[in-house]
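So this block is final.txt, compact mmCIF, N, CA and C atoms:
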# COMPACT_ATOMS: atom_id res chain seq x y z
N MET A 658 73.54 -53.46 -59.04
CA MET A 658 72.85 -54.69 -59.41
C MET A 658 73.73 -55.91 -59.21
N GLY A 659 75.03 -55.67 -58.83
CA GLY A 659 75.93 -56.81 -58.67
C GLY A 659 75.56 -57.70 -57.50
N GLN A 660 74.90 -57.12 -56.51
CA GLN A 660 74.54 -57.89 -55.32
C GLN A 660 73.65 -59.08 -55.68
N GLY A 661 73.99 -60.21 -55.12
CA GLY A 661 73.15 -61.38 -55.35
C GLY A 661 73.57 -62.19 -56.56
N VAL A 662 74.60 -61.71 -57.27
CA VAL A 662 75.13 -62.47 -58.41
C VAL A 662 76.63 -62.62 -58.22
N HIS A 663 77.12 -63.84 -58.31
CA HIS A 663 78.54 -64.09 -58.17
C HIS A 663 79.08 -64.61 -59.49
N MET A 664 80.09 -63.91 -60.01
CA MET A 664 80.66 -64.29 -61.30
C MET A 664 82.03 -64.92 -61.10
N GLN A 665 82.27 -65.94 -61.87
CA GLN A 665 83.54 -66.66 -61.78
C GLN A 665 84.03 -66.92 -63.20
N GLU A 666 85.30 -66.59 -63.46
CA GLU A 666 85.88 -66.91 -64.76
C GLU A 666 86.15 -68.40 -64.86
N LEU A 667 85.79 -68.99 -65.99
CA LEU A 667 86.14 -70.38 -66.25
C LEU A 667 87.14 -70.37 -67.40
N PRO A 668 88.43 -70.36 -67.08
CA PRO A 668 89.44 -70.16 -68.13
C PRO A 668 89.28 -71.13 -69.30
N GLY A 669 89.26 -70.57 -70.48
CA GLY A 669 89.12 -71.39 -71.68
C GLY A 669 87.69 -71.78 -72.00
N ILE A 670 86.78 -71.49 -71.10
CA ILE A 670 85.37 -71.86 -71.33
C ILE A 670 84.49 -70.63 -71.43
N GLY A 671 84.52 -69.82 -70.40
CA GLY A 671 83.66 -68.63 -70.40
C GLY A 671 83.50 -68.10 -68.99
N LYS A 672 82.29 -67.76 -68.65
CA LYS A 672 82.03 -67.21 -67.32
C LYS A 672 80.84 -67.94 -66.71
N ARG A 673 80.91 -68.07 -65.42
CA ARG A 673 79.81 -68.69 -64.70
C ARG A 673 79.21 -67.67 -63.74
N TYR A 674 77.90 -67.53 -63.79
CA TYR A 674 77.18 -66.62 -62.91
C TYR A 674 76.28 -67.43 -62.00
N ASP A 675 76.45 -67.22 -60.69
CA ASP A 675 75.56 -67.84 -59.71
C ASP A 675 74.60 -66.78 -59.22
N ILE A 676 73.31 -67.04 -59.36
CA ILE A 676 72.31 -66.08 -58.92
C ILE A 676 71.71 -66.55 -57.60
N ASP A 677 71.94 -65.75 -56.59
CA ASP A 677 71.45 -66.07 -55.25
C ASP A 677 69.95 -65.86 -55.20
N LEU A 678 69.23 -66.89 -54.79
CA LEU A 678 67.77 -66.77 -54.71
C LEU A 678 67.31 -66.65 -53.26
N GLY A 679 68.24 -66.28 -52.38
CA GLY A 679 67.88 -66.02 -50.99
C GLY A 679 67.40 -67.26 -50.27
N SER A 680 67.89 -68.40 -50.68
CA SER A 680 67.46 -69.66 -50.10
C SER A 680 68.66 -70.58 -50.05
N SER A 681 68.73 -71.42 -49.05
CA SER A 681 69.88 -72.33 -48.95
C SER A 681 69.74 -73.48 -49.92
N THR A 682 68.56 -73.67 -50.47
CA THR A 682 68.34 -74.84 -51.32
C THR A 682 68.16 -74.49 -52.79
N GLN A 683 67.71 -73.26 -53.08
CA GLN A 683 67.42 -72.90 -54.47
C GLN A 683 68.51 -72.01 -55.04
N ARG A 684 68.97 -72.37 -56.22
CA ARG A 684 70.05 -71.61 -56.85
C ARG A 684 69.97 -71.81 -58.35
N ILE A 685 70.37 -70.77 -59.07
CA ILE A 685 70.49 -70.88 -60.52
C ILE A 685 71.90 -70.48 -60.91
N SER A 686 72.52 -71.27 -61.76
CA SER A 686 73.82 -70.91 -62.32
C SER A 686 73.68 -70.86 -63.84
N VAL A 687 74.36 -69.89 -64.42
CA VAL A 687 74.38 -69.76 -65.87
C VAL A 687 75.84 -69.77 -66.31
N VAL A 688 76.17 -70.67 -67.23
CA VAL A 688 77.51 -70.66 -67.81
C VAL A 688 77.40 -70.07 -69.21
N VAL A 689 78.11 -68.96 -69.42
CA VAL A 689 78.09 -68.24 -70.69
C VAL A 689 79.34 -68.64 -71.46
N ARG A 690 79.16 -69.23 -72.64
CA ARG A 690 80.31 -69.68 -73.43
C ARG A 690 79.95 -69.65 -74.92
N GLN A 691 80.78 -69.11 -75.72
CA GLN A 691 80.68 -69.18 -77.19
C GLN A 691 79.25 -69.03 -77.71
N GLY A 692 78.51 -68.05 -77.21
CA GLY A 692 77.15 -67.84 -77.70
C GLY A 692 76.12 -68.77 -77.13
N ILE A 693 76.55 -69.66 -76.26
CA ILE A 693 75.62 -70.62 -75.63
C ILE A 693 75.51 -70.29 -74.15
N ARG A 694 74.32 -70.50 -73.62
CA ARG A 694 74.11 -70.35 -72.18
C ARG A 694 73.62 -71.68 -71.62
N ASP A 695 74.38 -72.23 -70.69
CA ASP A 695 73.93 -73.42 -69.97
C ASP A 695 73.26 -72.97 -68.69
N LEU A 696 72.05 -73.45 -68.49
CA LEU A 696 71.27 -73.08 -67.32
C LEU A 696 71.24 -74.27 -66.36
N TYR A 697 71.71 -74.04 -65.14
CA TYR A 697 71.68 -75.09 -64.12
C TYR A 697 70.73 -74.64 -63.02
N VAL A 698 69.73 -75.46 -62.75
CA VAL A 698 68.75 -75.13 -61.72
C VAL A 698 68.91 -76.10 -60.56
N PHE A 699 69.11 -75.54 -59.37
CA PHE A 699 69.25 -76.36 -58.16
C PHE A 699 68.04 -76.08 -57.27
N THR A 700 67.33 -77.13 -56.90
CA THR A 700 66.18 -76.91 -56.03
C THR A 700 66.29 -77.70 -54.72
N ASP A 701 67.39 -78.41 -54.54
CA ASP A 701 67.61 -79.01 -53.23
C ASP A 701 69.07 -78.82 -52.85
N LYS A 702 69.42 -79.27 -51.67
CA LYS A 702 70.74 -78.92 -51.13
C LYS A 702 71.90 -79.60 -51.82
N GLY A 703 71.63 -80.64 -52.60
CA GLY A 703 72.71 -81.42 -53.19
C GLY A 703 73.55 -80.62 -54.18
N GLU A 704 74.66 -81.19 -54.54
CA GLU A 704 75.56 -80.57 -55.51
C GLU A 704 75.09 -80.80 -56.93
N GLU A 705 74.23 -81.79 -57.11
CA GLU A 705 73.74 -82.11 -58.44
C GLU A 705 72.58 -81.19 -58.83
N PRO A 706 72.62 -80.60 -60.01
CA PRO A 706 71.50 -79.77 -60.44
C PRO A 706 70.25 -80.60 -60.67
N THR A 707 69.10 -79.99 -60.37
CA THR A 707 67.82 -80.65 -60.61
C THR A 707 67.51 -80.69 -62.09
N ALA A 708 67.88 -79.62 -62.80
CA ALA A 708 67.63 -79.54 -64.23
C ALA A 708 68.77 -78.79 -64.90
N VAL A 709 69.13 -79.22 -66.08
CA VAL A 709 70.16 -78.56 -66.88
C VAL A 709 69.62 -78.35 -68.29
N LEU A 710 69.76 -77.14 -68.80
CA LEU A 710 69.31 -76.84 -70.15
C LEU A 710 70.42 -76.10 -70.88
N GLU A 711 70.57 -76.42 -72.18
CA GLU A 711 71.50 -75.67 -73.02
C GLU A 711 70.69 -74.76 -73.92
N LEU A 712 70.90 -73.45 -73.80
CA LEU A 712 70.15 -72.48 -74.58
C LEU A 712 71.04 -71.85 -75.63
N THR A 713 70.51 -71.68 -76.85
CA THR A 713 71.23 -70.89 -77.84
C THR A 713 71.15 -69.42 -77.42
N GLY A 714 71.96 -68.58 -78.05
CA GLY A 714 71.89 -67.16 -77.75
C GLY A 714 70.49 -66.60 -77.94
N GLU A 715 69.82 -67.02 -79.00
CA GLU A 715 68.48 -66.52 -79.29
C GLU A 715 67.48 -66.98 -78.24
N GLN A 716 67.56 -68.23 -77.85
CA GLN A 716 66.66 -68.73 -76.81
C GLN A 716 66.90 -68.01 -75.49
N ALA A 717 68.17 -67.76 -75.18
CA ALA A 717 68.50 -67.05 -73.94
C ALA A 717 67.95 -65.62 -73.97
N LEU A 718 68.01 -64.98 -75.14
CA LEU A 718 67.47 -63.61 -75.27
C LEU A 718 65.96 -63.62 -75.03
N LYS A 719 65.28 -64.62 -75.58
CA LYS A 719 63.82 -64.69 -75.41
C LYS A 719 63.46 -64.92 -73.95
N LEU A 720 64.11 -65.87 -73.32
CA LEU A 720 63.83 -66.13 -71.91
C LEU A 720 64.16 -64.89 -71.07
N GLY A 721 65.28 -64.25 -71.38
CA GLY A 721 65.67 -63.04 -70.64
C GLY A 721 64.64 -61.93 -70.81
N ALA A 722 64.10 -61.79 -72.02
CA ALA A 722 63.11 -60.74 -72.27
C ALA A 722 61.81 -61.02 -71.50
N VAL A 723 61.43 -62.29 -71.44
CA VAL A 723 60.22 -62.64 -70.66
C VAL A 723 60.47 -62.33 -69.18
N LEU A 724 61.65 -62.69 -68.70
CA LEU A 724 61.95 -62.50 -67.27
C LEU A 724 62.04 -61.03 -66.88
N THR A 725 62.55 -60.20 -67.79
CA THR A 725 62.73 -58.78 -67.46
C THR A 725 61.53 -57.94 -67.88
N GLY A 726 60.51 -58.59 -68.44
CA GLY A 726 59.30 -57.84 -68.80
C GLY A 726 59.46 -57.01 -70.05
N THR A 727 60.44 -57.36 -70.90
CA THR A 727 60.66 -56.60 -72.13
C THR A 727 60.28 -57.41 -73.36
N PHE A 728 59.60 -58.52 -73.13
CA PHE A 728 59.19 -59.33 -74.27
C PHE A 728 57.89 -58.80 -74.87
N PHE A 729 57.89 -58.62 -76.17
CA PHE A 729 56.67 -58.25 -76.89
C PHE A 729 56.51 -59.15 -78.10
N GLU A 730 55.28 -59.54 -78.36
CA GLU A 730 55.01 -60.33 -79.56
C GLU A 730 55.40 -59.49 -80.76
N GLY A 731 56.08 -60.08 -81.71
CA GLY A 731 56.50 -59.27 -82.86
C GLY A 731 56.49 -60.08 -84.13
N MET B 1030 60.49 -61.06 -82.78
CA MET B 1030 60.99 -61.86 -81.66
C MET B 1030 59.91 -62.76 -81.07
N GLY B 1031 58.65 -62.62 -81.59
CA GLY B 1031 57.58 -63.42 -81.04
C GLY B 1031 57.73 -64.90 -81.33
N GLN B 1032 58.42 -65.20 -82.42
CA GLN B 1032 58.57 -66.60 -82.81
C GLN B 1032 59.28 -67.41 -81.72
N GLY B 1033 58.71 -68.57 -81.45
CA GLY B 1033 59.34 -69.41 -80.45
C GLY B 1033 58.87 -69.17 -79.04
N VAL B 1034 57.99 -68.18 -78.87
CA VAL B 1034 57.41 -67.92 -77.54
C VAL B 1034 55.89 -67.91 -77.69
N HIS B 1035 55.22 -68.68 -76.87
CA HIS B 1035 53.77 -68.72 -76.89
C HIS B 1035 53.24 -68.14 -75.58
N MET B 1036 52.39 -67.11 -75.71
CA MET B 1036 51.85 -66.46 -74.51
C MET B 1036 50.38 -66.83 -74.33
N GLN B 1037 50.02 -67.06 -73.10
CA GLN B 1037 48.65 -67.43 -72.78
C GLN B 1037 48.21 -66.63 -71.56
N GLU B 1038 47.04 -65.99 -71.65
CA GLU B 1038 46.50 -65.28 -70.50
C GLU B 1038 46.00 -66.28 -69.47
N LEU B 1039 46.33 -66.05 -68.22
CA LEU B 1039 45.77 -66.85 -67.13
C LEU B 1039 44.86 -65.92 -66.33
N PRO B 1040 43.59 -65.91 -66.65
CA PRO B 1040 42.68 -64.91 -66.05
C PRO B 1040 42.75 -64.91 -64.53
N GLY B 1041 42.93 -63.73 -63.98
CA GLY B 1041 43.00 -63.59 -62.53
C GLY B 1041 44.35 -63.91 -61.95
N ILE B 1042 45.25 -64.42 -62.77
CA ILE B 1042 46.58 -64.79 -62.27
C ILE B 1042 47.66 -63.95 -62.94
N GLY B 1043 47.72 -64.02 -64.26
CA GLY B 1043 48.75 -63.28 -64.98
C GLY B 1043 48.90 -63.82 -66.37
N LYS B 1044 50.13 -63.98 -66.79
CA LYS B 1044 50.40 -64.49 -68.13
C LYS B 1044 51.41 -65.62 -68.05
N ARG B 1045 51.24 -66.54 -68.96
CA ARG B 1045 52.17 -67.65 -69.03
C ARG B 1045 52.89 -67.62 -70.37
N TYR B 1046 54.19 -67.72 -70.35
CA TYR B 1046 54.99 -67.73 -71.56
C TYR B 1046 55.69 -69.06 -71.67
N ASP B 1047 55.49 -69.73 -72.80
CA ASP B 1047 56.20 -70.97 -73.08
C ASP B 1047 57.29 -70.67 -74.09
N ILE B 1048 58.49 -70.98 -73.74
CA ILE B 1048 59.62 -70.72 -74.63
C ILE B 1048 60.05 -72.03 -75.28
N ASP B 1049 59.91 -72.06 -76.60
CA ASP B 1049 60.25 -73.25 -77.37
C ASP B 1049 61.77 -73.38 -77.45
N LEU B 1050 62.26 -74.53 -77.07
CA LEU B 1050 63.71 -74.74 -77.11
C LEU B 1050 64.10 -75.67 -78.27
N GLY B 1051 63.19 -75.80 -79.23
CA GLY B 1051 63.51 -76.57 -80.42
C GLY B 1051 63.72 -78.04 -80.15
N SER B 1052 63.08 -78.53 -79.11
CA SER B 1052 63.26 -79.92 -78.71
C SER B 1052 61.92 -80.44 -78.23
N SER B 1053 61.65 -81.70 -78.45
CA SER B 1053 60.37 -82.25 -78.01
C SER B 1053 60.37 -82.49 -76.51
N THR B 1054 61.54 -82.48 -75.92
CA THR B 1054 61.60 -82.82 -74.50
C THR B 1054 61.94 -81.63 -73.61
N GLN B 1055 62.59 -80.61 -74.15
CA GLN B 1055 63.04 -79.49 -73.31
C GLN B 1055 62.15 -78.27 -73.52
N ARG B 1056 61.70 -77.68 -72.43
CA ARG B 1056 60.81 -76.54 -72.50
C ARG B 1056 60.94 -75.74 -71.22
N ILE B 1057 60.76 -74.42 -71.37
CA ILE B 1057 60.72 -73.55 -70.20
C ILE B 1057 59.43 -72.76 -70.26
N SER B 1058 58.73 -72.71 -69.13
CA SER B 1058 57.55 -71.86 -69.01
C SER B 1058 57.79 -70.86 -67.90
N VAL B 1059 57.32 -69.63 -68.12
CA VAL B 1059 57.41 -68.59 -67.10
C VAL B 1059 56.01 -68.07 -66.85
N VAL B 1060 55.58 -68.09 -65.60
CA VAL B 1060 54.30 -67.48 -65.24
C VAL B 1060 54.61 -66.15 -64.57
N VAL B 1061 54.09 -65.07 -65.18
CA VAL B 1061 54.32 -63.72 -64.67
C VAL B 1061 53.07 -63.30 -63.91
N ARG B 1062 53.23 -63.01 -62.62
CA ARG B 1062 52.08 -62.64 -61.78
C ARG B 1062 52.53 -61.72 -60.67
N GLN B 1063 51.86 -60.67 -60.46
CA GLN B 1063 52.04 -59.79 -59.29
C GLN B 1063 53.51 -59.58 -58.90
N GLY B 1064 54.35 -59.28 -59.88
CA GLY B 1064 55.75 -59.02 -59.56
C GLY B 1064 56.58 -60.26 -59.33
N ILE B 1065 55.95 -61.42 -59.44
CA ILE B 1065 56.66 -62.68 -59.23
C ILE B 1065 56.74 -63.43 -60.56
N ARG B 1066 57.83 -64.14 -60.74
CA ARG B 1066 57.98 -64.99 -61.92
C ARG B 1066 58.20 -66.42 -61.46
N ASP B 1067 57.31 -67.30 -61.86
CA ASP B 1067 57.51 -68.72 -61.60
C ASP B 1067 58.15 -69.34 -62.82
N LEU B 1068 59.25 -70.03 -62.58
CA LEU B 1068 60.00 -70.65 -63.67
C LEU B 1068 59.79 -72.15 -63.62
N TYR B 1069 59.29 -72.70 -64.72
CA TYR B 1069 59.08 -74.15 -64.83
C TYR B 1069 60.02 -74.68 -65.89
N VAL B 1070 60.85 -75.63 -65.50
CA VAL B 1070 61.81 -76.22 -66.43
C VAL B 1070 61.41 -77.67 -66.69
N PHE B 1071 61.23 -77.99 -67.96
CA PHE B 1071 60.89 -79.36 -68.37
C PHE B 1071 62.07 -79.93 -69.14
N THR B 1072 62.58 -81.07 -68.70
CA THR B 1072 63.70 -81.68 -69.43
C THR B 1072 63.37 -83.08 -69.93
N ASP B 1073 62.16 -83.54 -69.66
CA ASP B 1073 61.74 -84.80 -70.28
C ASP B 1073 60.31 -84.65 -70.79
N LYS B 1074 59.82 -85.71 -71.40
CA LYS B 1074 58.55 -85.57 -72.12
C LYS B 1074 57.33 -85.44 -71.23
N GLY B 1075 57.46 -85.76 -69.96
CA GLY B 1075 56.31 -85.76 -69.06
C GLY B 1075 55.68 -84.39 -68.88
N GLU B 1076 54.51 -84.38 -68.30
CA GLU B 1076 53.79 -83.14 -68.03
C GLU B 1076 54.32 -82.45 -66.77
N GLU B 1077 55.00 -83.23 -65.94
CA GLU B 1077 55.52 -82.67 -64.70
C GLU B 1077 56.84 -81.96 -64.93
N PRO B 1078 56.98 -80.73 -64.41
CA PRO B 1078 58.26 -80.04 -64.57
C PRO B 1078 59.37 -80.71 -63.77
N THR B 1079 60.57 -80.65 -64.33
CA THR B 1079 61.73 -81.20 -63.64
C THR B 1079 62.12 -80.32 -62.46
N ALA B 1080 61.97 -79.00 -62.65
CA ALA B 1080 62.32 -78.05 -61.60
C ALA B 1080 61.37 -76.86 -61.65
N VAL B 1081 61.02 -76.36 -60.48
CA VAL B 1081 60.16 -75.18 -60.38
C VAL B 1081 60.82 -74.21 -59.41
N LEU B 1082 60.91 -72.95 -59.82
CA LEU B 1082 61.49 -71.91 -58.96
C LEU B 1082 60.57 -70.71 -58.94
N GLU B 1083 60.45 -70.09 -57.77
CA GLU B 1083 59.71 -68.83 -57.68
C GLU B 1083 60.72 -67.71 -57.54
N LEU B 1084 60.71 -66.78 -58.49
CA LEU B 1084 61.67 -65.68 -58.49
C LEU B 1084 60.95 -64.37 -58.15
N THR B 1085 61.57 -63.57 -57.31
CA THR B 1085 61.06 -62.21 -57.11
C THR B 1085 61.36 -61.41 -58.38
N GLY B 1086 60.75 -60.24 -58.50
CA GLY B 1086 61.01 -59.38 -59.65
C GLY B 1086 62.50 -59.08 -59.78
N GLU B 1087 63.16 -58.81 -58.65
CA GLU B 1087 64.58 -58.47 -58.68
C GLU B 1087 65.43 -59.66 -59.13
N GLN B 1088 65.11 -60.82 -58.61
CA GLN B 1088 65.86 -62.02 -59.01
C GLN B 1088 65.66 -62.31 -60.49
N ALA B 1089 64.43 -62.12 -60.98
CA ALA B 1089 64.15 -62.34 -62.40
C ALA B 1089 64.93 -61.35 -63.26
N LEU B 1090 65.04 -60.10 -62.80
CA LEU B 1090 65.82 -59.10 -63.56
C LEU B 1090 67.28 -59.50 -63.64
N LYS B 1091 67.83 -60.00 -62.52
CA LYS B 1091 69.24 -60.40 -62.51
C LYS B 1091 69.47 -61.58 -63.45
N LEU B 1092 68.62 -62.59 -63.35
CA LEU B 1092 68.77 -63.75 -64.25
C LEU B 1092 68.60 -63.31 -65.70
N GLY B 1093 67.61 -62.45 -65.95
CA GLY B 1093 67.39 -61.96 -67.31
C GLY B 1093 68.60 -61.21 -67.85
N ALA B 1094 69.23 -60.41 -66.99
CA ALA B 1094 70.40 -59.63 -67.42
C ALA B 1094 71.57 -60.55 -67.75
N VAL B 1095 71.75 -61.60 -66.95
CA VAL B 1095 72.83 -62.55 -67.24
C VAL B 1095 72.55 -63.25 -68.57
N LEU B 1096 71.29 -63.65 -68.78
CA LEU B 1096 70.95 -64.38 -70.01
C LEU B 1096 71.08 -63.52 -71.26
N THR B 1097 70.76 -62.23 -71.14
CA THR B 1097 70.79 -61.37 -72.31
C THR B 1097 72.14 -60.67 -72.47
N GLY B 1098 73.07 -60.95 -71.56
CA GLY B 1098 74.40 -60.36 -71.68
C GLY B 1098 74.46 -58.91 -71.28
N THR B 1099 73.48 -58.45 -70.50
CA THR B 1099 73.48 -57.05 -70.06
C THR B 1099 73.79 -56.92 -68.58
N PHE B 1100 74.28 -58.00 -67.98
CA PHE B 1100 74.61 -57.92 -66.57
C PHE B 1100 76.01 -57.36 -66.38
N PHE B 1101 76.12 -56.37 -65.51
CA PHE B 1101 77.43 -55.83 -65.14
C PHE B 1101 77.51 -55.74 -63.63
N GLU B 1102 78.66 -56.09 -63.09
CA GLU B 1102 78.88 -55.92 -61.65
C GLU B 1102 78.71 -54.45 -61.32
N GLY B 1103 78.01 -54.16 -60.25
CA GLY B 1103 77.80 -52.76 -59.93
C GLY B 1103 77.83 -52.52 -58.44
Give the structure from this file in structure tokens form.
Amino acid sequence: MGQGVHMQELPGIGKRYDIDLGSSTQRISVVVRQGIRDLYVFTDKGEEPTAVLELTGEQALKLGAVLTGTFFEG
Amino acid sequence: MGQGVHMQELPGIGKRYDIDLGSSTQRISVVVRQGIRDLYVFTDKGEEPTAVLELTGEQALKLGAVLTGTFFEG
């Protein structure tokens, strides 16, 4: 499952994961730090992200569950 | 875990999940359809999403694994 995801250590901060979306213009990066996940969405070629969101651990779990099809109303 | 996520059936299309980010301006919606996940990111109050991405099932699984902390290089 490692293919398509590039991980980089950010010393003193956490880890950054770049998820390859098979496109030269679309990319998602997630910075994992201290229970927080920063989501960077790139939809054009520029270096600037189109959207940036800061997710708590709980919010990240919910979004992850929806994305992986493991979310159930409870 | 249902709290903070609102699901809506989209007849003939799939399901839409709105993930509450505890902010009046920030929101993420995921439309699940036919193995594809459309990700809508809202970072301001408008009705128009700031960024839209179409993820394959595999890409959604990878992003979900990174977000939930279950991603391992393999």
Can you tell me, as AutoDock Vina command-line options, the centre and edge lengths (Å, one decimal) of the axis-aligned box enclosing all of region 1045-1050 of chain B's listed atoms after padding each side by 8 Å?
--center_x 57.7 --center_y -71.1 --center_z -73.6 --size_x 28.9 --size_y 25.1 --size_z 25.3
Report the closest atom pair, with its distance in Å rounded to one decimal, for each residue of chain A that has an atom no farther than 8 Å from chain B; count all atoms listed in the file, sort by chain and then rising residue number, and write it as JSON lines.
{"residue": "A:Met658", "atom": "N", "partner": "B:Gly1103", "partner_atom": "CA", "distance": 4.4}
{"residue": "A:Gly659", "atom": "N", "partner": "B:Gly1103", "partner_atom": "N", "distance": 3.6}
{"residue": "A:Gln660", "atom": "N", "partner": "B:Gly1103", "partner_atom": "N", "distance": 5.7}
{"residue": "A:Gly661", "atom": "C", "partner": "B:Lys1091", "partner_atom": "CA", "distance": 7.6}
{"residue": "A:Val662", "atom": "CA", "partner": "B:Lys1091", "partner_atom": "CA", "distance": 7.5}
{"residue": "A:Tyr674", "atom": "CA", "partner": "B:Val1095", "partner_atom": "CA", "distance": 7.4}
{"residue": "A:Ile676", "atom": "CA", "partner": "B:Leu1092", "partner_atom": "N", "distance": 6.7}
{"residue": "A:Asp677", "atom": "C", "partner": "B:Gln1088", "partner_atom": "CA", "distance": 6.8}
{"residue": "A:Leu678", "atom": "CA", "partner": "B:Gln1088", "partner_atom": "CA", "distance": 6.7}
{"residue": "A:Gln683", "atom": "CA", "partner": "B:Leu1082", "partner_atom": "CA", "distance": 7.5}
{"residue": "A:Arg684", "atom": "N", "partner": "B:Leu1082", "partner_atom": "CA", "distance": 8.0}
{"residue": "A:Val687", "atom": "CA", "partner": "B:Val1095", "partner_atom": "C", "distance": 7.3}
{"residue": "A:Val689", "atom": "CA", "partner": "B:Val1095", "partner_atom": "C", "distance": 7.8}
{"residue": "A:Arg694", "atom": "CA", "partner": "B:Leu1096", "partner_atom": "CA", "distance": 7.1}
{"residue": "A:Val698", "atom": "C", "partner": "B:Ala1080", "partner_atom": "CA", "distance": 7.0}
{"residue": "A:Phe699", "atom": "C", "partner": "B:Ala1080", "partner_atom": "CA", "distance": 7.4}
{"residue": "A:Thr700", "atom": "CA", "partner": "B:Val1081", "partner_atom": "N", "distance": 6.8}
{"residue": "A:Thr707", "atom": "C", "partner": "B:Thr1079", "partner_atom": "C", "distance": 5.4}
{"residue": "A:Ala708", "atom": "N", "partner": "B:Thr1079", "partner_atom": "C", "distance": 5.8}
{"residue": "A:Val709", "atom": "N", "partner": "B:Thr1072", "partner_atom": "CA", "distance": 6.8}
{"residue": "A:Leu710", "atom": "CA", "partner": "B:Thr1072", "partner_atom": "CA", "distance": 7.4}
{"residue": "A:Glu711", "atom": "C", "partner": "B:Leu1050", "partner_atom": "CA", "distance": 7.7}
{"residue": "A:Leu712", "atom": "CA", "partner": "B:Leu1050", "partner_atom": "CA", "distance": 7.3}
{"residue": "A:Thr713", "atom": "N", "partner": "B:Leu1050", "partner_atom": "CA", "distance": 7.5}
{"residue": "A:Gly714", "atom": "C", "partner": "B:Leu1096", "partner_atom": "C", "distance": 7.4}
{"residue": "A:Gln716", "atom": "CA", "partner": "B:Leu1050", "partner_atom": "CA", "distance": 6.7}
{"residue": "A:Ala717", "atom": "C", "partner": "B:Leu1096", "partner_atom": "C", "distance": 4.6}
{"residue": "A:Leu718", "atom": "CA", "partner": "B:Thr1097", "partner_atom": "CA", "distance": 5.0}
{"residue": "A:Lys719", "atom": "C", "partner": "B:Ile1048", "partner_atom": "CA", "distance": 7.0}
{"residue": "A:Leu720", "atom": "C", "partner": "B:Gly1093", "partner_atom": "CA", "distance": 5.8}
{"residue": "A:Gly721", "atom": "CA", "partner": "B:Gly1093", "partner_atom": "CA", "distance": 3.9}
{"residue": "A:Ala722", "atom": "N", "partner": "B:Gly1093", "partner_atom": "CA", "distance": 5.7}
{"residue": "A:Val723", "atom": "C", "partner": "B:Gly1093", "partner_atom": "CA", "distance": 7.2}
{"residue": "A:Leu724", "atom": "C", "partner": "B:Ala1089", "partner_atom": "C", "distance": 4.6}
{"residue": "A:Thr725", "atom": "CA", "partner": "B:Leu1090", "partner_atom": "CA", "distance": 5.0}
{"residue": "A:Gly726", "atom": "N", "partner": "B:Leu1090", "partner_atom": "CA", "distance": 7.2}
{"residue": "A:Phe728", "atom": "C", "partner": "B:Met1030", "partner_atom": "C", "distance": 7.6}
{"residue": "A:Phe729", "atom": "C", "partner": "B:Gly1031", "partner_atom": "CA", "distance": 5.3}
{"residue": "A:Glu730", "atom": "CA", "partner": "B:Gly1031", "partner_atom": "CA", "distance": 4.3}
{"residue": "A:Gly731", "atom": "N", "partner": "B:Gly1031", "partner_atom": "N", "distance": 3.6}
Task: Residues of chain A in strand (DSSP E or B), written as a ChimeraX atom specification - done: /A:662-667,671-677,684-690,693-699,708-713
- [ ] Please measure the separation of atom C of Gly669 (chain A) and CA of Ser681 (chain A), giving the value in Å to one decimal.
- [x] 29.1 Å
- [ ] Rounded to one decimal place, report the atom C of Ser1052 (chain B)-atom N of Arg690 (chain A) distance in Å.
- [x]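 The value is 21.3 Å.
The two atoms in question, atom C of Gly703 (chain A) and atom N of Thr682 (chain A), are spaced 9.3 Å apart.
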Quick check for you: according to DSSP on this backbone, which residues of region 1036-1100 of chain B are classed as helix (DSSP H, G or I)? Reply as a JSON list (two decimals) with N, CA and C atoms, in the frame of the given file.
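out-v8.json written:
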[["chain", "number", "residue", "atom", "x", "y", "z"],
["B", 1086, "GLY", "N", 60.75, -60.24, -58.50],
["B", 1086, "GLY", "CA", 61.01, -59.38, -59.65],
["B", 1086, "GLY", "C", 62.50, -59.08, -59.78],
["B", 1087, "GLU", "N", 63.16, -58.81, -58.65],
["B", 1087, "GLU", "CA", 64.58, -58.47, -58.68],
["B", 1087, "GLU", "C", 65.43, -59.66, -59.13],
["B", 1088, "GLN", "N", 65.11, -60.82, -58.61],
["B", 1088, "GLN", "CA", 65.86, -62.02, -59.01],
["B", 1088, "GLN", "C", 65.66, -62.31, -60.49],
["B", 1089, "ALA", "N", 64.43, -62.12, -60.98],
["B", 1089, "ALA", "CA", 64.15, -62.34, -62.40],
["B", 1089, "ALA", "C", 64.93, -61.35, -63.26],
["B", 1090, "LEU", "N", 65.04, -60.10, -62.80],
["B", 1090, "LEU", "CA", 65.82, -59.10, -63.56],
["B", 1090, "LEU", "C", 67.28, -59.50, -63.64],
["B", 1091, "LYS", "N", 67.83, -60.00, -62.52],
["B", 1091, "LYS", "CA", 69.24, -60.40, -62.51],
["B", 1091, "LYS", "C", 69.47, -61.58, -63.45],
["B", 1092, "LEU", "N", 68.62, -62.59, -63.35],
["B", 1092, "LEU", "CA", 68.77, -63.75, -64.25],
["B", 1092, "LEU", "C", 68.60, -63.31, -65.70],
["B", 1093, "GLY", "N", 67.61, -62.45, -65.95],
["B", 1093, "GLY", "CA", 67.39, -61.96, -67.31],
["B", 1093, "GLY", "C", 68.60, -61.21, -67.85],
["B", 1094, "ALA", "N", 69.23, -60.41, -66.99],
["B", 1094, "ALA", "CA", 70.40, -59.63, -67.42],
["B", 1094, "ALA", "C", 71.57, -60.55, -67.75],
["B", 1095, "VAL", "N", 71.75, -61.60, -66.95],
["B", 1095, "VAL", "CA", 72.83, -62.55, -67.24],
["B", 1095, "VAL", "C", 72.55, -63.25, -68.57],
["B", 1096, "LEU", "N", 71.29, -63.65, -68.78],
["B", 1096, "LEU", "CA", 70.95, -64.38, -70.01],
["B", 1096, "LEU", "C", 71.08, -63.52, -71.26],
["B", 1097, "THR", "N", 70.76, -62.23, -71.14],
["B", 1097, "THR", "CA", 70.79, -61.37, -72.31],
["B", 1097, "THR", "C", 72.14, -60.67, -72.47]]
